[in-house]
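*Asks:* Below is a structure I'd like to ask you about.
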There are 2 protein chains.
Amino acid sequence: MPKTSDQTRRRRADDARVVADVLRRGIDRGERTGALDEQQLAAEFSVSRNAIRDALALLCSQGQIDRAPRIGTHVVRRKAEHGIDALRGLKETLVEHGRVRNEVRVATLVRSPAAVARRLALAPGAEVVYIERLRLLDDEPVSLDLTYLASDVGVPILDHDLENTDVFTLLERVSGQRLHSAEQSVEAASADPHSAANLDVPAGTALLLIERLARLGPEARPVDLEYLRMRSDRITLHATALRDTHPNGEAR
Amino acid sequence: MPKTSDQTRRRRADDARVVADVLRRGIDRGERTGALDEQQLAAEFSVSRNAIRDALALLCSQGQIDRAPRIGTHVVRRKAEHGIDALRGLKETLVEHGRVRNEVRVATLVRSPAAVARRLALAPGAEVVYIERLRLLDDEPVSLDLTYLASDVGVPILDHDLENTDVFTLLERVSGQRLHSAEQSVEAASADPHSAANLDVPAGTALLLIERLARLGPEARPVDLEYLRMRSDRITLHATALRDTHPNGEAR
């Protein structure tokens, strides 16, 4: 029975998606660089050239490749990987990718919203330090970070070099304690016009939205609540998971 | 000196963003339910009611709250949390949130693209099992999953109940081995029209895009390469990070 054109269209869209997924990660990992050849890709993935063209259009719209007449299709750049299974600041993480600099937009004491006080285990309305930073990698904005700090560690931090130092590093310096751990939640969200302008991306661009509650010292006291908006075209989150066990030792 | 209207507009947008961030996570965590009152929120966050209105508009556009004349503003629902520090299938993860069912769209042997073969440590062009599933939580699509499996474990899986069982569970069943670990990469991406139609969201919606390479048995053999597209309005990723150390034991 001949395929209907509906089935053909659906198959082509499905093929394009899987090709785009595999290529995207190959580019991120630095395995694919330079020029991309449609015919070669069609042979590698055993799909039509139309599906390859659709896949390349998807990657192009996400800024991972460039296409131009006569010049052809080229990989633009790979992305930085940010491990979210180890607790590190952006500067610590991206040290191999370039120079991180922070544009400090706000750094002040505020009355904590009830929800923030609760997360930091403070009395409702307690004063907290609020910091807003635009973080730049080689002068390109990559993350817009909002940070609430318990005031005993936050106030001393205000005297330090927030432009060139991660808050994590400063927290350890001013407290004399090690960071303990952090709970992180990751979502995807479209950039509102204001965030988009700050991060120098088109409004509506999909961003990674991370909430991070960092804990300090052997008591694991929650001292640092952050809301990070990261450009997903520049940073990929990375985590290694281990298979956990039931109490009886069996796989779930 | 009086503020310029530019400064005022910028401050209002900044206020709206931080309020939206804090509210969003409160809703996700189930701490905020039912009606939201603009005046109360303005007092809690010490910002203008205009900033609160902008924040609620942001959350409304992301489907977390509903606003209607006379009825007011209400939280729609909280989201499910998917831990990415433990290696679990979606059904294992969401067992408390509802019934997971899989619509199996493709399940077949294919010639592996070179990039896939490399990740699975197979010879170029080796046959692999390819599975495409739309995953539904209580009959609502939440994730569109593409899976490549090494054929020795993948072929036996094709005879099992893929509609109602996680691939992770089946991998352990057919191999008689435990899963070992997985490397995961997380990005945000706008839904292309075809993915959007499958997941029943507007085109352009920000989705979580996860690549996961799962390893099996004591040798940690890579057997399962997955590309998952998750609805961020239904699922939040969660991870706990520990502070790592330099070889000399000092904090980085």
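All residue names refer to the structure tokens as shown: chains lettered A, B, ... in order, residues numbered from 1 in each chain, ligands numbered from 1 in order.
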Least-squares superpose chain A onto chain B - every C-alpha atom, paired in order - and show me the moved coordinates as a PDB file with C-alpha atoms, in the first residue's frame.
*Replies:*
```
ATOM      1  CA  MET A   1      17.080  63.111  42.007  1.00  0.00           C
ATOM      2  CA  PRO A   2      13.779  61.771  40.648  1.00  0.00           C
ATOM      3  CA  LYS A   3      13.978  58.433  38.840  1.00  0.00           C
ATOM      4  CA  THR A   4      13.610  58.593  35.085  1.00  0.00           C
ATOM      5  CA  SER A   5      10.709  56.605  33.669  1.00  0.00           C
ATOM      6  CA  ASP A   6      13.304  54.345  32.017  1.00  0.00           C
ATOM      7  CA  GLN A   7      14.708  53.404  35.407  1.00  0.00           C
ATOM      8  CA  THR A   8      11.201  52.859  36.732  1.00  0.00           C
ATOM      9  CA  ARG A   9      10.309  50.553  33.858  1.00  0.00           C
ATOM     10  CA  ARG A  10      13.507  48.587  34.290  1.00  0.00           C
ATOM     11  CA  ARG A  11      12.965  48.248  38.051  1.00  0.00           C
ATOM     12  CA  ARG A  12       9.383  47.081  37.500  1.00  0.00           C
ATOM     13  CA  ALA A  13      10.514  44.413  35.010  1.00  0.00           C
ATOM     14  CA  ASP A  14      13.258  43.268  37.401  1.00  0.00           C
ATOM     15  CA  ASP A  15      10.809  43.121  40.303  1.00  0.00           C
ATOM     16  CA  ALA A  16       8.322  41.151  38.203  1.00  0.00           C
ATOM     17  CA  ARG A  17      10.962  38.586  37.247  1.00  0.00           C
ATOM     18  CA  VAL A  18      12.094  37.875  40.772  1.00  0.00           C
ATOM     19  CA  VAL A  19       8.503  37.650  42.038  1.00  0.00           C
ATOM     20  CA  ALA A  20       7.648  35.259  39.193  1.00  0.00           C
ATOM     21  CA  ASP A  21      10.707  33.109  39.982  1.00  0.00           C
ATOM     22  CA  VAL A  22       9.903  32.810  43.674  1.00  0.00           C
ATOM     23  CA  LEU A  23       6.190  32.179  43.051  1.00  0.00           C
ATOM     24  CA  ARG A  24       6.882  29.628  40.303  1.00  0.00           C
ATOM     25  CA  ARG A  25       8.985  27.484  42.589  1.00  0.00           C
ATOM     26  CA  GLY A  26       6.513  27.849  45.451  1.00  0.00           C
ATOM     27  CA  ILE A  27       3.796  26.520  43.142  1.00  0.00           C
ATOM     28  CA  ASP A  28       6.041  23.672  41.928  1.00  0.00           C
ATOM     29  CA  ARG A  29       6.752  22.685  45.506  1.00  0.00           C
ATOM     30  CA  GLY A  30       3.059  22.716  46.386  1.00  0.00           C
ATOM     31  CA  GLU A  31       3.543  25.522  48.939  1.00  0.00           C
ATOM     32  CA  ARG A  32       1.253  27.924  47.088  1.00  0.00           C
ATOM     33  CA  THR A  33      -2.175  26.696  46.092  1.00  0.00           C
ATOM     34  CA  GLY A  34      -5.571  28.219  45.469  1.00  0.00           C
ATOM     35  CA  ALA A  35      -6.102  31.947  45.073  1.00  0.00           C
ATOM     36  CA  LEU A  36      -3.339  34.558  44.788  1.00  0.00           C
ATOM     37  CA  ASP A  37      -4.023  38.084  46.041  1.00  0.00           C
ATOM     38  CA  GLU A  38      -2.234  40.961  44.301  1.00  0.00           C
ATOM     39  CA  GLN A  39      -2.260  43.265  47.320  1.00  0.00           C
ATOM     40  CA  GLN A  40      -0.939  40.584  49.677  1.00  0.00           C
ATOM     41  CA  LEU A  41       1.802  39.665  47.206  1.00  0.00           C
ATOM     42  CA  ALA A  42       2.796  43.333  46.761  1.00  0.00           C
ATOM     43  CA  ALA A  43       3.180  43.572  50.556  1.00  0.00           C
ATOM     44  CA  GLU A  44       5.072  40.246  50.825  1.00  0.00           C
ATOM     45  CA  PHE A  45       7.594  41.200  48.147  1.00  0.00           C
ATOM     46  CA  SER A  46       7.693  44.963  48.893  1.00  0.00           C
ATOM     47  CA  VAL A  47       7.086  45.811  45.242  1.00  0.00           C
ATOM     48  CA  SER A  48       4.402  47.711  43.309  1.00  0.00           C
ATOM     49  CA  ARG A  49       1.114  46.121  42.302  1.00  0.00           C
ATOM     50  CA  ASN A  50       2.114  46.749  38.700  1.00  0.00           C
ATOM     51  CA  ALA A  51       5.162  44.528  39.188  1.00  0.00           C
ATOM     52  CA  ILE A  52       2.938  41.845  40.770  1.00  0.00           C
ATOM     53  CA  ARG A  53       0.557  42.054  37.800  1.00  0.00           C
ATOM     54  CA  ASP A  54       3.464  41.615  35.380  1.00  0.00           C
ATOM     55  CA  ALA A  55       4.741  38.620  37.385  1.00  0.00           C
ATOM     56  CA  LEU A  56       1.300  36.989  37.344  1.00  0.00           C
ATOM     57  CA  ALA A  57       1.037  37.602  33.588  1.00  0.00           C
ATOM     58  CA  LEU A  58       4.371  35.774  33.125  1.00  0.00           C
ATOM     59  CA  LEU A  59       3.170  32.779  35.162  1.00  0.00           C
ATOM     60  CA  CYS A  60      -0.143  32.819  33.329  1.00  0.00           C
ATOM     61  CA  SER A  61       1.604  32.658  29.947  1.00  0.00           C
ATOM     62  CA  GLN A  62       3.488  29.613  31.235  1.00  0.00           C
ATOM     63  CA  GLY A  63       0.293  27.880  32.298  1.00  0.00           C
ATOM     64  CA  GLN A  64       1.007  27.778  36.022  1.00  0.00           C
ATOM     65  CA  ILE A  65      -1.841  30.067  37.023  1.00  0.00           C
ATOM     66  CA  ASP A  66      -5.222  31.041  35.604  1.00  0.00           C
ATOM     67  CA  ARG A  67      -6.660  34.544  35.700  1.00  0.00           C
ATOM     68  CA  ALA A  68     -10.278  35.332  35.008  1.00  0.00           C
ATOM     69  CA  PRO A  69     -12.500  38.365  35.639  1.00  0.00           C
ATOM     70  CA  ARG A  70     -14.449  38.103  38.911  1.00  0.00           C
ATOM     71  CA  ILE A  71     -12.894  34.689  39.677  1.00  0.00           C
ATOM     72  CA  GLY A  72      -9.410  36.156  40.212  1.00  0.00           C
ATOM     73  CA  THR A  73      -6.030  34.487  40.052  1.00  0.00           C
ATOM     74  CA  HIS A  74      -5.618  30.813  40.888  1.00  0.00           C
ATOM     75  CA  VAL A  75      -2.820  28.281  40.930  1.00  0.00           C
ATOM     76  CA  VAL A  76      -3.573  25.643  38.278  1.00  0.00           C
ATOM     77  CA  ARG A  77      -1.405  22.780  39.453  1.00  0.00           C
ATOM     78  CA  ARG A  78       1.968  21.833  40.744  1.00  0.00           C
ATOM     79  CA  LYS A  79       4.482  19.966  38.645  1.00  0.00           C
ATOM     80  CA  ALA A  80       6.060  16.557  39.012  1.00  0.00           C
ATOM     81  CA  GLU A  81       9.723  16.433  40.042  1.00  0.00           C
ATOM     82  CA  HIS A  82      12.069  14.120  38.138  1.00  0.00           C
ATOM     83  CA  GLY A  83      15.288  13.429  40.022  1.00  0.00           C
ATOM     84  CA  ILE A  84      18.254  13.401  37.666  1.00  0.00           C
ATOM     85  CA  ASP A  85      20.754  12.346  40.322  1.00  0.00           C
ATOM     86  CA  ALA A  86      19.160   8.903  40.586  1.00  0.00           C
ATOM     87  CA  LEU A  87      18.752   6.777  37.484  1.00  0.00           C
ATOM     88  CA  ARG A  88      15.073   6.040  37.113  1.00  0.00           C
ATOM     89  CA  GLY A  89      12.574   5.645  34.365  1.00  0.00           C
ATOM     90  CA  LEU A  90       9.658   8.047  34.062  1.00  0.00           C
ATOM     91  CA  LYS A  91       7.138   5.528  35.315  1.00  0.00           C
ATOM     92  CA  GLU A  92       9.237   4.791  38.402  1.00  0.00           C
ATOM     93  CA  THR A  93       9.597   8.528  38.987  1.00  0.00           C
ATOM     94  CA  LEU A  94       6.004   9.586  38.481  1.00  0.00           C
ATOM     95  CA  VAL A  95       4.389   6.655  40.281  1.00  0.00           C
ATOM     96  CA  GLU A  96       3.004   9.040  42.923  1.00  0.00           C
ATOM     97  CA  HIS A  97       1.782  11.580  40.394  1.00  0.00           C
ATOM     98  CA  GLY A  98      -0.444   9.394  38.272  1.00  0.00           C
ATOM     99  CA  ARG A  99      -0.605   6.603  35.716  1.00  0.00           C
ATOM    100  CA  VAL A 100       2.123   6.582  33.075  1.00  0.00           C
ATOM    101  CA  ARG A 101       1.244   5.008  29.739  1.00  0.00           C
ATOM    102  CA  ASN A 102       3.379   4.943  26.600  1.00  0.00           C
ATOM    103  CA  GLU A 103       2.128   5.332  23.062  1.00  0.00           C
ATOM    104  CA  VAL A 104       4.676   3.291  21.092  1.00  0.00           C
ATOM    105  CA  ARG A 105       5.022   4.971  17.694  1.00  0.00           C
ATOM    106  CA  VAL A 106       8.063   3.123  16.352  1.00  0.00           C
ATOM    107  CA  ALA A 107       9.874   0.004  17.633  1.00  0.00           C
ATOM    108  CA  THR A 108      12.174  -1.537  15.048  1.00  0.00           C
ATOM    109  CA  LEU A 109      15.718  -2.442  13.999  1.00  0.00           C
ATOM    110  CA  VAL A 110      17.631   0.277  12.115  1.00  0.00           C
ATOM    111  CA  ARG A 111      21.167   0.807  10.868  1.00  0.00           C
ATOM    112  CA  SER A 112      22.761   3.063  13.503  1.00  0.00           C
ATOM    113  CA  PRO A 113      23.942   6.514  12.435  1.00  0.00           C
ATOM    114  CA  ALA A 114      27.726   6.779  12.906  1.00  0.00           C
ATOM    115  CA  ALA A 115      27.325   9.195  15.823  1.00  0.00           C
ATOM    116  CA  VAL A 116      24.968   6.812  17.624  1.00  0.00           C
ATOM    117  CA  ALA A 117      27.223   3.797  17.008  1.00  0.00           C
ATOM    118  CA  ARG A 118      30.153   5.725  18.453  1.00  0.00           C
ATOM    119  CA  ARG A 119      28.264   6.611  21.648  1.00  0.00           C
ATOM    120  CA  LEU A 120      27.141   2.990  22.076  1.00  0.00           C
ATOM    121  CA  ALA A 121      30.680   1.710  21.331  1.00  0.00           C
ATOM    122  CA  LEU A 122      29.396  -0.297  18.333  1.00  0.00           C
ATOM    123  CA  ALA A 123      30.861  -0.772  14.865  1.00  0.00           C
ATOM    124  CA  PRO A 124      29.771   1.965  12.423  1.00  0.00           C
ATOM    125  CA  GLY A 125      26.469   1.024  10.816  1.00  0.00           C
ATOM    126  CA  ALA A 126      25.725  -1.761  13.318  1.00  0.00           C
ATOM    127  CA  GLU A 127      22.053  -2.601  13.684  1.00  0.00           C
ATOM    128  CA  VAL A 128      20.381  -1.039  16.714  1.00  0.00           C
ATOM    129  CA  VAL A 129      16.844  -1.057  18.049  1.00  0.00           C
ATOM    130  CA  TYR A 130      15.090   2.276  17.629  1.00  0.00           C
ATOM    131  CA  ILE A 131      12.028   3.087  19.746  1.00  0.00           C
ATOM    132  CA  GLU A 132       9.868   6.203  19.682  1.00  0.00           C
ATOM    133  CA  ARG A 133       7.374   6.679  22.484  1.00  0.00           C
ATOM    134  CA  LEU A 134       5.003   9.417  23.489  1.00  0.00           C
ATOM    135  CA  ARG A 135       4.688   9.207  27.254  1.00  0.00           C
ATOM    136  CA  LEU A 136       1.436  10.163  28.902  1.00  0.00           C
ATOM    137  CA  LEU A 137       0.740  10.979  32.535  1.00  0.00           C
ATOM    138  CA  ASP A 138      -2.963  10.447  33.226  1.00  0.00           C
ATOM    139  CA  ASP A 139      -3.572  10.586  29.468  1.00  0.00           C
ATOM    140  CA  GLU A 140      -1.771  13.926  29.040  1.00  0.00           C
ATOM    141  CA  PRO A 141       1.419  13.852  26.925  1.00  0.00           C
ATOM    142  CA  VAL A 142       4.450  14.848  29.040  1.00  0.00           C
ATOM    143  CA  SER A 143       7.479  13.501  27.151  1.00  0.00           C
ATOM    144  CA  LEU A 144       8.457  12.456  23.630  1.00  0.00           C
ATOM    145  CA  ASP A 145      11.281   9.905  23.858  1.00  0.00           C
ATOM    146  CA  LEU A 146      13.629   8.570  21.176  1.00  0.00           C
ATOM    147  CA  THR A 147      15.682   5.542  22.241  1.00  0.00           C
ATOM    148  CA  TYR A 148      18.562   3.644  20.588  1.00  0.00           C
ATOM    149  CA  LEU A 149      19.437   0.273  22.137  1.00  0.00           C
ATOM    150  CA  ALA A 150      22.330  -2.097  21.461  1.00  0.00           C
ATOM    151  CA  SER A 151      20.679  -4.963  19.583  1.00  0.00           C
ATOM    152  CA  ASP A 152      21.628  -7.795  21.996  1.00  0.00           C
ATOM    153  CA  VAL A 153      19.492  -6.201  24.718  1.00  0.00           C
ATOM    154  CA  GLY A 154      17.195  -4.236  22.407  1.00  0.00           C
ATOM    155  CA  VAL A 155      15.814  -7.094  20.311  1.00  0.00           C
ATOM    156  CA  PRO A 156      14.500  -9.110  23.306  1.00  0.00           C
ATOM    157  CA  ILE A 157      12.862  -5.924  24.632  1.00  0.00           C
ATOM    158  CA  LEU A 158      10.729  -5.660  21.488  1.00  0.00           C
ATOM    159  CA  ASP A 159       8.722  -8.692  22.716  1.00  0.00           C
ATOM    160  CA  HIS A 160       7.870  -7.014  26.027  1.00  0.00           C
ATOM    161  CA  ASP A 161       5.122  -4.624  27.099  1.00  0.00           C
ATOM    162  CA  LEU A 162       6.609  -1.282  26.000  1.00  0.00           C
ATOM    163  CA  GLU A 163       3.257   0.409  26.516  1.00  0.00           C
ATOM    164  CA  ASN A 164       3.301  -0.008  30.272  1.00  0.00           C
ATOM    165  CA  THR A 165       6.938  -0.545  31.243  1.00  0.00           C
ATOM    166  CA  ASP A 166      10.005   1.729  31.397  1.00  0.00           C
ATOM    167  CA  VAL A 167      12.874   0.737  29.096  1.00  0.00           C
ATOM    168  CA  PHE A 168      15.160   0.794  32.163  1.00  0.00           C
ATOM    169  CA  THR A 169      13.050  -1.867  33.848  1.00  0.00           C
ATOM    170  CA  LEU A 170      13.011  -4.001  30.695  1.00  0.00           C
ATOM    171  CA  LEU A 171      16.773  -3.645  30.211  1.00  0.00           C
ATOM    172  CA  GLU A 172      17.356  -5.095  33.659  1.00  0.00           C
ATOM    173  CA  ARG A 173      14.777  -7.827  33.075  1.00  0.00           C
ATOM    174  CA  VAL A 174      16.105  -9.086  29.732  1.00  0.00           C
ATOM    175  CA  SER A 175      19.805  -8.780  30.629  1.00  0.00           C
ATOM    176  CA  GLY A 176      19.614 -10.065  34.192  1.00  0.00           C
ATOM    177  CA  GLN A 177      21.992  -7.222  35.065  1.00  0.00           C
ATOM    178  CA  ARG A 178      21.577  -3.993  36.986  1.00  0.00           C
ATOM    179  CA  LEU A 179      21.815  -0.633  35.297  1.00  0.00           C
ATOM    180  CA  HIS A 180      25.052   1.017  36.351  1.00  0.00           C
ATOM    181  CA  SER A 181      24.790   4.754  35.674  1.00  0.00           C
ATOM    182  CA  ALA A 182      23.860   7.334  33.089  1.00  0.00           C
ATOM    183  CA  GLU A 183      25.379  10.512  31.740  1.00  0.00           C
ATOM    184  CA  GLN A 184      22.791  13.178  31.146  1.00  0.00           C
ATOM    185  CA  SER A 185      22.869  16.506  29.360  1.00  0.00           C
ATOM    186  CA  VAL A 186      20.063  19.000  29.792  1.00  0.00           C
ATOM    187  CA  GLU A 187      19.181  21.857  27.468  1.00  0.00           C
ATOM    188  CA  ALA A 188      16.195  24.095  26.878  1.00  0.00           C
ATOM    189  CA  ALA A 189      14.761  24.248  23.366  1.00  0.00           C
ATOM    190  CA  SER A 190      11.693  25.747  21.736  1.00  0.00           C
ATOM    191  CA  ALA A 191       9.233  23.137  20.507  1.00  0.00           C
ATOM    192  CA  ASP A 192       9.224  22.763  16.734  1.00  0.00           C
ATOM    193  CA  PRO A 193       5.663  22.587  15.343  1.00  0.00           C
ATOM    194  CA  HIS A 194       5.714  18.792  15.030  1.00  0.00           C
ATOM    195  CA  SER A 195       6.970  18.129  18.592  1.00  0.00           C
ATOM    196  CA  ALA A 196       4.534  20.749  19.861  1.00  0.00           C
ATOM    197  CA  ALA A 197       1.609  18.964  18.195  1.00  0.00           C
ATOM    198  CA  ASN A 198       2.726  15.643  19.700  1.00  0.00           C
ATOM    199  CA  LEU A 199       3.071  17.106  23.185  1.00  0.00           C
ATOM    200  CA  ASP A 200      -0.117  19.166  22.885  1.00  0.00           C
ATOM    201  CA  VAL A 201       1.552  22.533  23.591  1.00  0.00           C
ATOM    202  CA  PRO A 202       1.760  25.709  21.452  1.00  0.00           C
ATOM    203  CA  ALA A 203       4.662  25.735  18.962  1.00  0.00           C
ATOM    204  CA  GLY A 204       7.619  27.616  20.417  1.00  0.00           C
ATOM    205  CA  THR A 205       6.941  26.439  23.997  1.00  0.00           C
ATOM    206  CA  ALA A 206      10.190  25.990  25.936  1.00  0.00           C
ATOM    207  CA  LEU A 207      10.864  22.272  26.471  1.00  0.00           C
ATOM    208  CA  LEU A 208      13.540  20.388  28.408  1.00  0.00           C
ATOM    209  CA  LEU A 209      15.730  18.422  26.023  1.00  0.00           C
ATOM    210  CA  ILE A 210      17.656  15.610  27.708  1.00  0.00           C
ATOM    211  CA  GLU A 211      20.279  13.316  26.236  1.00  0.00           C
ATOM    212  CA  ARG A 212      20.861  10.254  28.399  1.00  0.00           C
ATOM    213  CA  LEU A 213      23.433   7.511  27.839  1.00  0.00           C
ATOM    214  CA  ALA A 214      22.637   4.628  30.184  1.00  0.00           C
ATOM    215  CA  ARG A 215      25.211   2.007  31.090  1.00  0.00           C
ATOM    216  CA  LEU A 216      24.528  -1.596  32.074  1.00  0.00           C
ATOM    217  CA  GLY A 217      26.150  -4.098  34.404  1.00  0.00           C
ATOM    218  CA  PRO A 218      29.439  -4.094  36.317  1.00  0.00           C
ATOM    219  CA  GLU A 219      31.364  -3.195  33.119  1.00  0.00           C
ATOM    220  CA  ALA A 220      29.198  -0.093  32.680  1.00  0.00           C
ATOM    221  CA  ARG A 221      28.626  -0.964  29.032  1.00  0.00           C
ATOM    222  CA  PRO A 222      26.776   1.823  27.144  1.00  0.00           C
ATOM    223  CA  VAL A 223      23.605   0.170  25.818  1.00  0.00           C
ATOM    224  CA  ASP A 224      20.892   2.842  25.755  1.00  0.00           C
ATOM    225  CA  LEU A 225      21.109   6.283  24.136  1.00  0.00           C
ATOM    226  CA  GLU A 226      18.015   8.435  24.590  1.00  0.00           C
ATOM    227  CA  TYR A 227      16.785  11.837  23.495  1.00  0.00           C
ATOM    228  CA  LEU A 228      13.929  13.022  25.668  1.00  0.00           C
ATOM    229  CA  ARG A 229      11.747  16.092  25.081  1.00  0.00           C
ATOM    230  CA  MET A 230       9.897  16.908  28.305  1.00  0.00           C
ATOM    231  CA  ARG A 231       7.149  19.407  28.967  1.00  0.00           C
ATOM    232  CA  SER A 232       8.612  21.800  31.493  1.00  0.00           C
ATOM    233  CA  ASP A 233       5.143  22.902  32.533  1.00  0.00           C
ATOM    234  CA  ARG A 234       4.541  19.374  33.823  1.00  0.00           C
ATOM    235  CA  ILE A 235       7.959  18.125  34.935  1.00  0.00           C
ATOM    236  CA  THR A 236      10.798  19.825  36.834  1.00  0.00           C
ATOM    237  CA  LEU A 237      14.227  18.197  36.967  1.00  0.00           C
ATOM    238  CA  HIS A 238      15.771  17.941  40.395  1.00  0.00           C
ATOM    239  CA  ALA A 239      19.339  17.281  41.492  1.00  0.00           C
ATOM    240  CA  THR A 240      21.360  17.509  44.694  1.00  0.00           C
ATOM    241  CA  ALA A 241      24.965  18.597  44.273  1.00  0.00           C
ATOM    242  CA  LEU A 242      27.789  18.073  46.728  1.00  0.00           C
ATOM    243  CA  ARG A 243      30.735  20.415  46.990  1.00  0.00           C
ATOM    244  CA  ASP A 244      33.668  18.622  45.397  1.00  0.00           C
ATOM    245  CA  THR A 245      37.281  18.895  46.407  1.00  0.00           C
ATOM    246  CA  HIS A 246      40.580  19.493  44.750  1.00  0.00           C
ATOM    247  CA  PRO A 247      43.045  16.600  44.819  1.00  0.00           C
ATOM    248  CA  ASN A 248      44.645  18.386  47.789  1.00  0.00           C
ATOM    249  CA  GLY A 249      41.342  18.412  49.632  1.00  0.00           C
ATOM    250  CA  GLU A 250      40.711  22.142  49.359  1.00  0.00           C
ATOM    251  CA  ALA A 251      37.517  23.603  47.996  1.00  0.00           C
ATOM    252  CA  ARG A 252      37.798  24.632  44.396  1.00  0.00           C
TER     253      ARG A 252
END
```
*Asks:* DSSP on the backbone, helix (DSSP H, G or I) only: what residues of range 2-73 of chain A does that give? Format it as a PyMOL selection string.
*Replies:* chain A and resi 5-28+38-45+49-61
*Asks:* Write out as a ChimeraX atom specification all residues of range 40-142 of chain B that backbone DSSP assigns to strand (DSSP E or B).
*Replies:* /B:65-68,72-75,80-83,86,100-111,127-137,140-142
